[in-house]
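**Q** Just one file: run26.cif, with mmCIF, C-alpha atoms.
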data_data
loop_
_atom_site.label_atom_id
_atom_site.label_comp_id
_atom_site.auth_asym_id
_atom_site.auth_seq_id
_atom_site.Cartn_x
_atom_site.Cartn_y
_atom_site.Cartn_z
CA SER A 227 -89.12 -38.72 -13.96
CA ARG A 228 -89.61 -35.85 -16.39
CA ARG A 229 -88.23 -33.35 -13.89
CA SER A 230 -85.08 -35.45 -13.38
CA ARG A 231 -84.49 -35.74 -17.11
CA GLU A 232 -84.84 -31.97 -17.55
CA LEU A 233 -82.40 -31.39 -14.67
CA VAL A 234 -79.87 -33.78 -16.18
CA LYS A 235 -80.27 -32.07 -19.55
CA LYS A 236 -79.62 -28.63 -18.01
CA MET A 237 -76.54 -29.90 -16.20
CA GLY A 238 -75.10 -31.16 -19.46
CA SER A 239 -74.30 -34.58 -18.08
CA MET A 240 -73.35 -37.52 -20.18
CA CYS A 241 -73.08 -41.20 -19.61
CA CYS A 242 -69.70 -42.83 -19.36
CA GLY A 243 -68.39 -46.19 -18.42
CA GLY A 244 -65.68 -48.70 -18.95
CA GLY A 245 -65.32 -50.01 -22.43
CA GLU A 246 -63.89 -53.20 -23.68
CA ASN A 247 -60.52 -51.57 -24.55
CA GLU A 248 -60.13 -49.68 -21.28
CA ASP A 249 -57.56 -52.08 -19.87
CA ALA A 250 -55.56 -51.90 -23.09
CA ASN A 251 -55.31 -48.11 -22.82
CA GLU A 252 -53.82 -48.11 -19.32
CA PHE A 253 -50.19 -46.99 -18.92
CA LYS A 254 -48.92 -50.25 -17.51
CA LYS A 255 -45.28 -51.18 -17.39
CA GLY A 256 -44.56 -53.69 -20.12
CA GLY A 257 -47.74 -52.80 -21.99
CA ASP A 258 -48.26 -50.97 -25.25
CA ASN A 259 -48.48 -47.65 -23.39
CA ASP A 260 -45.48 -48.18 -21.12
CA LEU A 261 -44.02 -44.77 -20.11
CA SER A 262 -41.67 -45.99 -17.38
CA GLU A 263 -38.66 -44.99 -19.50
CA GLY A 264 -40.18 -41.72 -20.73
CA PRO A 265 -42.42 -40.88 -23.67
CA ILE A 266 -39.52 -41.38 -26.10
CA LYS A 267 -37.55 -44.56 -25.75
CA SER A 268 -34.65 -43.54 -27.94
CA ARG A 269 -33.35 -40.42 -26.17
CA GLY A 270 -30.04 -38.58 -26.41
CA CYS A 271 -28.33 -35.22 -25.91
CA THR A 272 -29.49 -32.77 -28.58
CA ASP A 273 -27.42 -29.70 -27.53
CA ILE A 274 -24.07 -31.31 -26.90
CA LEU A 275 -22.22 -28.35 -28.44
CA CYS A 276 -23.56 -26.12 -25.66
CA LEU A 277 -21.87 -28.19 -22.95
CA PRO A 278 -18.34 -26.86 -23.65
CA LEU A 279 -19.67 -23.31 -23.69
CA PHE A 280 -21.44 -23.85 -20.38
CA ALA A 281 -18.31 -25.36 -18.83
CA ALA A 282 -16.17 -22.45 -20.13
CA ALA A 283 -18.61 -19.94 -18.64
CA GLN A 284 -18.36 -21.63 -15.25
CA VAL A 285 -14.56 -21.61 -15.41
CA ILE A 286 -14.54 -17.89 -16.27
CA PHE A 287 -16.95 -17.19 -13.44
CA ILE A 288 -14.66 -18.98 -10.98
CA ILE A 289 -11.60 -17.07 -12.27
CA VAL A 290 -13.37 -13.72 -11.95
CA THR A 291 -14.54 -14.59 -8.43
CA ILE A 292 -11.02 -15.55 -7.33
CA ALA A 293 -9.58 -12.36 -8.84
CA GLY A 294 -12.22 -10.28 -7.13
CA LEU A 295 -11.53 -11.85 -3.76
CA ALA A 296 -7.78 -11.35 -4.20
CA ASP A 297 -7.81 -7.72 -5.34
CA GLY A 298 -11.11 -6.46 -3.93
CA ASP A 299 -13.07 -6.31 -0.70
CA PRO A 300 -16.27 -8.38 -0.74
CA SER A 301 -17.52 -6.51 2.33
CA LYS A 302 -18.10 -3.48 0.10
CA LEU A 303 -21.06 -5.34 -1.35
CA TYR A 304 -23.04 -4.82 1.85
CA LYS A 305 -21.33 -2.06 3.87
CA PRO A 306 -22.96 1.40 3.86
CA ARG A 307 -21.56 4.41 1.98
CA ASP A 308 -21.62 8.08 2.88
CA PHE A 309 -22.56 11.00 0.64
CA ARG A 310 -19.02 11.09 -0.82
CA GLY A 311 -19.17 7.44 -1.83
CA SER A 312 -16.75 6.26 0.88
CA TYR A 313 -17.47 2.91 2.48
CA CYS A 314 -17.89 2.67 6.24
CA GLY A 315 -15.53 0.35 8.13
CA VAL A 316 -12.89 -0.18 5.44
CA GLU A 317 -9.22 0.76 5.44
CA THR A 318 -8.88 1.59 1.74
CA ASN A 319 -11.54 3.54 -0.10
CA TRP A 320 -11.79 4.25 -3.80
CA ASN A 321 -9.93 7.17 -5.37
CA GLY A 322 -7.67 7.65 -2.35
CA GLY A 323 -10.59 8.08 0.03
CA PRO A 324 -10.35 8.22 3.82
CA ASN A 325 -9.57 5.35 6.17
CA THR A 326 -12.92 4.59 7.81
CA MET A 327 -11.93 1.40 9.61
CA SER A 328 -13.01 2.85 12.97
CA GLN A 329 -16.22 4.36 11.53
CA THR A 330 -18.35 1.26 11.04
CA LYS A 331 -21.82 2.82 11.20
CA LEU A 332 -23.53 5.25 8.86
CA SER A 333 -25.02 8.35 10.45
CA TYR A 334 -27.68 10.32 8.63
CA THR A 335 -27.15 14.03 9.19
CA MET A 336 -28.10 17.20 7.38
CA ASN A 337 -25.63 18.42 4.79
CA VAL A 338 -25.25 21.99 6.00
CA SER A 339 -23.67 23.31 2.80
CA SER A 340 -26.47 21.98 0.63
CA THR A 341 -29.15 23.01 3.12
CA VAL A 342 -28.23 26.67 3.43
CA ASP A 343 -27.10 27.06 -0.19
CA ILE A 344 -30.47 28.29 -1.42
CA ILE A 345 -30.80 30.68 1.53
CA PHE A 346 -27.33 32.04 0.83
CA LYS A 347 -28.19 32.57 -2.85
CA GLN A 348 -31.47 34.25 -1.95
CA THR A 349 -29.57 36.62 0.31
CA LEU A 350 -26.66 37.39 -1.98
CA CYS A 351 -28.73 37.72 -5.15
CA SER A 352 -31.54 39.79 -3.67
CA SER A 353 -32.27 43.33 -4.84
CA ALA A 354 -31.23 44.71 -1.45
CA VAL A 355 -27.75 43.14 -1.62
CA ARG A 356 -27.43 43.86 -5.34
CA GLN A 357 -27.80 47.58 -4.65
CA VAL A 358 -25.12 47.46 -1.95
CA LEU A 359 -22.68 45.54 -4.13
CA THR A 360 -23.18 47.20 -7.50
CA GLU A 361 -24.69 50.62 -6.91
CA GLY A 362 -24.18 51.74 -3.34
CA ASP A 363 -26.13 54.78 -2.12
CA GLY A 364 -25.45 58.33 -1.14
CA SER A 365 -23.43 57.36 1.93
CA PHE A 366 -21.04 54.78 0.41
CA SER A 367 -19.71 53.53 -2.89
CA PRO A 368 -20.54 50.07 -4.30
CA LEU A 369 -18.56 47.29 -2.63
CA LEU A 370 -17.63 45.80 -6.01
CA ASP A 371 -15.18 48.37 -7.26
CA THR A 372 -14.67 47.21 -10.85
CA GLN A 373 -17.05 46.50 -13.70
CA ALA A 374 -15.50 43.07 -14.18
CA LYS A 375 -16.43 42.09 -10.62
CA ILE A 376 -19.93 43.48 -11.08
CA ASP A 377 -20.42 41.53 -14.31
CA GLU A 378 -19.21 38.33 -12.67
CA TYR A 379 -21.57 38.82 -9.73
CA LEU A 380 -24.54 39.50 -11.99
CA CYS A 381 -23.74 36.41 -14.04
CA ASP A 382 -23.32 34.17 -10.98
CA CYS A 383 -26.75 35.24 -9.76
CA CYS A 384 -28.22 34.94 -13.26
CA LEU A 385 -29.40 38.53 -13.03
CA VAL A 386 -28.23 39.15 -16.59
CA PRO A 387 -27.98 36.79 -19.58
CA CYS A 388 -24.65 34.96 -19.65
CA THR A 389 -23.13 31.64 -20.66
CA ARG A 390 -23.33 30.17 -17.14
CA CYS A 391 -27.08 30.70 -16.79
CA GLU A 392 -29.92 28.75 -18.35
CA GLY A 393 -32.59 30.91 -16.75
CA GLN A 394 -33.50 32.85 -13.64
CA LEU A 395 -32.54 31.25 -10.32
CA ASP A 396 -35.38 30.06 -8.09
CA ASN A 397 -34.16 31.15 -4.67
CA GLY A 398 -37.49 31.52 -2.94
CA GLY A 399 -38.32 35.05 -4.02
CA ASP A 400 -36.62 38.42 -4.21
CA LEU A 401 -35.90 40.51 -1.12
CA ALA A 402 -36.18 44.16 -2.03
CA SER A 403 -35.30 45.81 1.30
CA SER A 404 -33.03 45.25 4.25
CA ALA A 405 -36.09 44.68 6.44
CA ASP A 406 -37.33 41.89 4.13
CA LEU A 407 -33.84 40.45 4.10
CA LEU A 408 -33.62 40.35 7.89
CA THR A 409 -37.11 38.91 8.40
CA THR A 410 -36.97 36.21 5.71
CA VAL A 411 -33.45 34.95 6.31
CA SER A 412 -33.87 34.95 10.10
CA SER A 413 -37.12 32.98 9.79
CA ARG A 414 -35.62 30.42 7.42
CA MET A 415 -32.49 29.92 9.49
CA SER A 416 -34.46 29.61 12.73
CA GLU A 417 -36.34 26.61 11.33
CA LEU A 418 -32.99 24.95 10.61
CA THR A 419 -31.38 25.72 13.98
CA ASP A 420 -34.25 25.76 16.52
CA PRO A 421 -35.39 22.22 17.52
CA ASP A 422 -38.79 23.60 18.57
CA LYS A 423 -39.45 24.65 14.96
CA ALA A 424 -38.45 21.36 13.36
CA GLY A 425 -42.06 20.63 12.47
CA ASP A 426 -42.35 23.89 10.53
CA LEU A 427 -39.35 22.92 8.41
CA PHE A 428 -41.37 20.31 6.50
CA SER A 429 -44.60 22.30 6.36
CA PRO A 430 -45.64 23.81 3.00
CA SER A 431 -46.61 26.97 4.86
CA GLY A 432 -43.23 27.27 6.63
CA SER A 433 -40.45 29.62 5.64
CA ASN A 434 -38.64 26.72 3.94
CA GLY A 435 -41.77 25.15 2.50
CA ASN A 436 -40.57 25.55 -1.07
CA THR A 437 -37.47 23.47 -0.26
CA PHE A 438 -38.23 20.84 2.40
CA SER A 439 -41.97 20.24 2.32
CA ALA A 440 -43.40 16.94 1.10
CA SER A 441 -44.87 18.65 -1.96
CA ALA A 442 -41.49 20.17 -2.83
CA PHE A 443 -39.78 16.77 -2.53
CA TRP A 444 -42.42 15.25 -4.82
CA GLU A 445 -42.00 17.99 -7.42
CA GLN A 446 -38.23 17.43 -7.48
CA ALA A 447 -38.67 13.66 -7.74
CA THR A 448 -41.05 13.92 -10.69
#
Rewrite the structure from the file as structure tokens, please.

**A**
Amino acid sequence: SRRSRELVKKMGSMCCGGGENEDANEFKKGGDNDLSEGPIKSRGCTDILCLPLFAAAQVIFIIVTIAGLADGDPSKLYKPRDFRGSYCGVETNWNGGPNTMSQTKLSYTMNVSSTVDIIFKQTLCSSAVRQVLTEGDGSFSPLLDTQAKIDEYLCDCCLVPCTRCEGQLDNGGDLASSADLLTTVSSRMSELTDPDKAGDLFSPSGSNGNTFSASAFWEQAT
């Protein structure tokens, strides 16, 4: 019908069927299109010069593996390492490291020195401590009794331009008075030592928010 013809036209169909030469085009073994031995009958090795190089590479790989097993410790490929780079559960560590044969497991703990370093710098380099160390007051003399010691202190805290400083230290803010010193340092240390305040340690609004909060970690990572 007319509707069927229009539908066939829209579908883009076409007639097909077996021709007289269809059998001759089949890939039959023994026929003109026989592919049982591959598309190219006369085949051979085209990269024969690469075979010696490949064999030599395998020999070198075996030699290196044997040398590594003889002089090294394959277990170091999968055993954990601590913050100093020492492997857990091995007798001989690199660079004369400790014998950790009896310490087979890695324990994740807080590095106290690194944790309180910024609090220590904030305390020691604050204006309140600077006055005590370098100026004193009417009741006592400065604790640093020579100008050389004062200059070294000021340089270590980056309070004056010197070769060891690239800019002002970011210690969490200056503490101008002894009251500020007591309040801030006590609050920051309590978050590190009081288990009940562990949640505040990682809060941006906590006393250590500029160091341990998720936003601070992200800023350091990027």

**Q** If you apply the PyMOL selection byres ((chain A and resi 297-300) around 12) to this file, what residues do you get, as a PyMOL selection string?

**A** chain A and resi 290-296+301-305+313+315-320

**Q** Please compute the atom CA of Met415 of chain A-atom CA of Ser339 of chain A distance, one decimal, in Å.

**A** 12.9 Å

**Q** Would you mind listing what lies within 12 Å of Thr341 of chain A as a PyMOL selection string, with all atoms listed in the file counted and same-chain residues fewer than 6 positions away left out?

**A** chain A and resi 335+347+414-415+417-419+427+434+437-438

**Q** Measuring between all atoms listed in the file, which one of A:Gln329, A:Lys423, A:Gly257, A:Glu378 shows the shortest distance to Cys314 of chain A?

**A**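 Of A:Gln329, A:Lys423, A:Gly257, A:Glu378, the one nearest Cys314 of chain A is A:Gln329, counting all atoms listed in the file.
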
**Q** If I take atom CA of Pro368 of chain A and atom CA of Asp382 of chain A, how far is one from the other in Å, to one decimal?

**A** 17.5 Å

**Q** Might you spell out which residues the PyMOL selection byres ((chain A and resi 394) around 12) would select in the displayed file, as a PDB file with C-alpha atoms, in the frame of the given file?

**A**
ATOM      1  CA  GLN A 348     -31.470  34.250  -1.950  1.00  0.00           C
ATOM      2  CA  CYS A 351     -28.730  37.720  -5.150  1.00  0.00           C
ATOM      3  CA  LEU A 380     -24.540  39.500 -11.990  1.00  0.00           C
ATOM      4  CA  CYS A 381     -23.740  36.410 -14.040  1.00  0.00           C
ATOM      5  CA  ASP A 382     -23.320  34.170 -10.980  1.00  0.00           C
ATOM      6  CA  CYS A 383     -26.750  35.240  -9.760  1.00  0.00           C
ATOM      7  CA  CYS A 384     -28.220  34.940 -13.260  1.00  0.00           C
ATOM      8  CA  LEU A 385     -29.400  38.530 -13.030  1.00  0.00           C
ATOM      9  CA  VAL A 386     -28.230  39.150 -16.590  1.00  0.00           C
ATOM     10  CA  PRO A 387     -27.980  36.790 -19.580  1.00  0.00           C
ATOM     11  CA  CYS A 388     -24.650  34.960 -19.650  1.00  0.00           C
ATOM     12  CA  ARG A 390     -23.330  30.170 -17.140  1.00  0.00           C
ATOM     13  CA  CYS A 391     -27.080  30.700 -16.790  1.00  0.00           C
ATOM     14  CA  GLU A 392     -29.920  28.750 -18.350  1.00  0.00           C
ATOM     15  CA  GLY A 393     -32.590  30.910 -16.750  1.00  0.00           C
ATOM     16  CA  LEU A 395     -32.540  31.250 -10.320  1.00  0.00           C
ATOM     17  CA  ASP A 396     -35.380  30.060  -8.090  1.00  0.00           C
ATOM     18  CA  ASN A 397     -34.160  31.150  -4.670  1.00  0.00           C
ATOM     19  CA  GLY A 398     -37.490  31.520  -2.940  1.00  0.00           C
ATOM     20  CA  GLY A 399     -38.320  35.050  -4.020  1.00  0.00           C
ATOM     21  CA  ASP A 400     -36.620  38.420  -4.210  1.00  0.00           C
TER      22      ASP A 400
END

**Q** To one decimal in Å, tell me the separation between atom CA of Tyr334 of chain A and atom CA of Gly311 of chain A.

**A**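 Interatomic distance, atom CA of Tyr334 of chain A to atom CA of Gly311 of chain A: 13.8 Å.
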
**Q** Run through the PyMOL selection byres ((chain A and resi 359) around 8) on the given coordinates and return the selected residues as a PyMOL selection string.

**A** chain A and resi 355-358+360-362+368-370+376
